[in-house]
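In what follows, a single structure is set out as structure tokens and then discussed.
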Amino acid sequence: MSGDQDVILKLEDVSKVYSGTVAVKRANFEVRKGAVNVLVGENGAGKSTLMKIIAGVESRHSGAFCWTARRFPSRHPGMR
């Protein structure tokens, strides 16, 4: 099993809501260095929205993520 030093991205309870519609609800996952990482789901499951949140194109309403050991906690709703 890989250690935590192999985790390059970690999402914790990330959520996104558009005008009352929940696009992403409490997403949690880790991306590990050197591993094949895949994000799959049905149409409308929130995959693109999640990638936009990670890229900084969209804001998240709650949750946090760590990118190579730098933590980005959530702010109040609507803030990036």
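In the structure tokens, each chain is lettered A, B, ... as it comes, each chain's residues begin at 1, and ligands are numbered from 1 in order of appearance.
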
Might you pull out every residue within 6 Å of region 24-30 of chain A, with only C-alpha atoms counted and same-chain residues fewer than 5 positions away left off, and present them as a PyMOL selection string? chain A and resi 9-16+46

Can you list, as a VMD selection string, all residues belonging to chain A that DSSP tags as helix (DSSP H, G or I)? chain A and resid 4 to 6 47 to 55

Can you tell me how far CA of Asp6 (chain A) sits from CA of Val40 (chain A), in Å to one decimal? 21.6 Å

Could you pull the residues within 8 Å of Ile8 (chain A), counting only C-alpha atoms, minus those fewer than 3 positions along the same chain, as JSON, numbers by chain? {"A": [5, 30, 31, 32, 33, 66, 67, 68, 69]}

Considering only strand (DSSP E) as DSSP defines it on the backbone, what residues of chain A qualify? List them as a PyMOL selection string. chain A and resi 7-18+21-32+62-67+70-72

For the residues in the current selection, export N, CA and C atoms as a CSV table (one decimal), in the first residue's frame.
```csv
chain,number,residue,atom,x,y,z
A,7,VAL,N,0.1,10.8,-2.3
A,7,VAL,CA,-1.1,11.5,-2.6
A,7,VAL,C,-0.8,12.9,-3.1
A,8,ILE,N,-1.2,13.2,-4.4
A,8,ILE,CA,-0.9,14.5,-4.9
A,8,ILE,C,-2.1,15.4,-5.0
A,9,LEU,N,-3.3,14.8,-4.9
A,9,LEU,CA,-4.5,15.5,-4.8
A,9,LEU,C,-5.5,14.8,-3.9
A,10,LYS,N,-6.1,15.5,-3.0
A,10,LYS,CA,-7.1,14.9,-2.1
A,10,LYS,C,-8.3,15.8,-2.0
A,11,LEU,N,-9.5,15.3,-2.3
A,11,LEU,CA,-10.7,16.1,-2.1
A,11,LEU,C,-11.5,15.6,-0.9
A,12,GLU,N,-12.0,16.5,-0.1
A,12,GLU,CA,-12.7,16.1,1.1
A,12,GLU,C,-14.1,16.8,1.2
A,13,ASP,N,-15.1,16.1,1.0
A,13,ASP,CA,-16.5,16.6,1.1
A,13,ASP,C,-16.8,17.8,0.2
A,14,VAL,N,-16.3,17.8,-1.0
A,14,VAL,CA,-16.5,18.9,-1.9
A,14,VAL,C,-17.9,18.8,-2.5
A,15,SER,N,-18.6,20.0,-2.4
A,15,SER,CA,-20.0,20.1,-2.9
A,15,SER,C,-20.1,21.3,-3.8
A,16,LYS,N,-21.1,21.3,-4.7
A,16,LYS,CA,-21.4,22.4,-5.6
A,16,LYS,C,-22.9,22.4,-5.9
A,17,VAL,N,-23.5,23.6,-5.8
A,17,VAL,CA,-24.9,23.7,-6.0
A,17,VAL,C,-25.1,24.9,-7.0
A,18,TYR,N,-25.9,24.6,-8.0
A,18,TYR,CA,-26.3,25.7,-9.0
A,18,TYR,C,-27.8,26.0,-8.8
A,21,THR,N,-29.9,23.3,-7.5
A,21,THR,CA,-29.6,22.0,-8.0
A,21,THR,C,-28.2,21.5,-7.6
A,22,VAL,N,-28.2,20.4,-6.9
A,22,VAL,CA,-26.9,19.8,-6.4
A,22,VAL,C,-26.2,19.2,-7.6
A,23,ALA,N,-25.0,19.7,-8.0
A,23,ALA,CA,-24.2,19.2,-9.1
A,23,ALA,C,-23.2,18.2,-8.5
A,24,VAL,N,-22.6,18.5,-7.4
A,24,VAL,CA,-21.6,17.6,-6.7
A,24,VAL,C,-22.0,17.6,-5.3
A,25,LYS,N,-22.1,16.4,-4.7
A,25,LYS,CA,-22.5,16.2,-3.3
A,25,LYS,C,-21.4,15.5,-2.5
A,26,ARG,N,-20.7,16.2,-1.7
A,26,ARG,CA,-19.7,15.6,-0.7
A,26,ARG,C,-18.7,14.6,-1.4
A,27,ALA,N,-18.1,15.0,-2.5
A,27,ALA,CA,-17.1,14.2,-3.2
A,27,ALA,C,-15.9,14.0,-2.4
A,28,ASN,N,-15.4,12.8,-2.3
A,28,ASN,CA,-14.1,12.5,-1.6
A,28,ASN,C,-13.3,11.5,-2.5
A,29,PHE,N,-12.1,11.9,-2.8
A,29,PHE,CA,-11.2,10.9,-3.5
A,29,PHE,C,-9.7,11.4,-3.4
A,30,GLU,N,-8.8,10.5,-3.7
A,30,GLU,CA,-7.4,10.8,-3.7
A,30,GLU,C,-6.8,10.4,-5.1
A,31,VAL,N,-5.9,11.2,-5.6
A,31,VAL,CA,-5.1,10.9,-6.8
A,31,VAL,C,-3.7,10.7,-6.3
A,32,ARG,N,-3.2,9.5,-6.6
A,32,ARG,CA,-1.8,9.1,-6.2
A,32,ARG,C,-0.8,9.1,-7.3
A,62,SER,N,-18.8,24.0,-0.6
A,62,SER,CA,-18.2,23.4,0.7
A,62,SER,C,-17.2,22.4,0.4
A,63,GLY,N,-16.4,22.0,1.5
A,63,GLY,CA,-15.4,21.1,1.3
A,63,GLY,C,-14.0,21.7,1.1
A,64,ALA,N,-13.0,20.9,1.0
A,64,ALA,CA,-11.6,21.3,0.8
A,64,ALA,C,-10.9,20.4,0.0
A,65,PHE,N,-9.8,20.8,-0.6
A,65,PHE,CA,-8.9,19.9,-1.3
A,65,PHE,C,-7.4,20.3,-1.0
A,66,CYS,N,-6.6,19.3,-1.1
A,66,CYS,CA,-5.1,19.5,-0.9
A,66,CYS,C,-4.5,19.1,-2.2
A,67,TRP,N,-3.6,20.0,-2.7
A,67,TRP,CA,-2.9,19.7,-4.0
A,67,TRP,C,-1.4,19.7,-3.6
A,70,ARG,N,-0.6,21.2,-0.2
A,70,ARG,CA,-1.1,22.5,0.1
A,70,ARG,C,-2.6,22.5,0.2
A,71,ARG,N,-3.1,22.9,1.4
A,71,ARG,CA,-4.6,22.8,1.6
A,71,ARG,C,-5.3,24.0,1.2
A,72,PHE,N,-6.5,23.8,0.5
A,72,PHE,CA,-7.3,24.9,0.1
A,72,PHE,C,-8.7,24.7,0.8
```

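Reported to one decimal place, the separation of CA of Gly41 (chain A) from CA of Asp4 (chain A) is 25.8 Å.
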
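Straight-line separation from CA of Arg60 (chain A) to CA of Asn37 (chain A): 21.8 Å.
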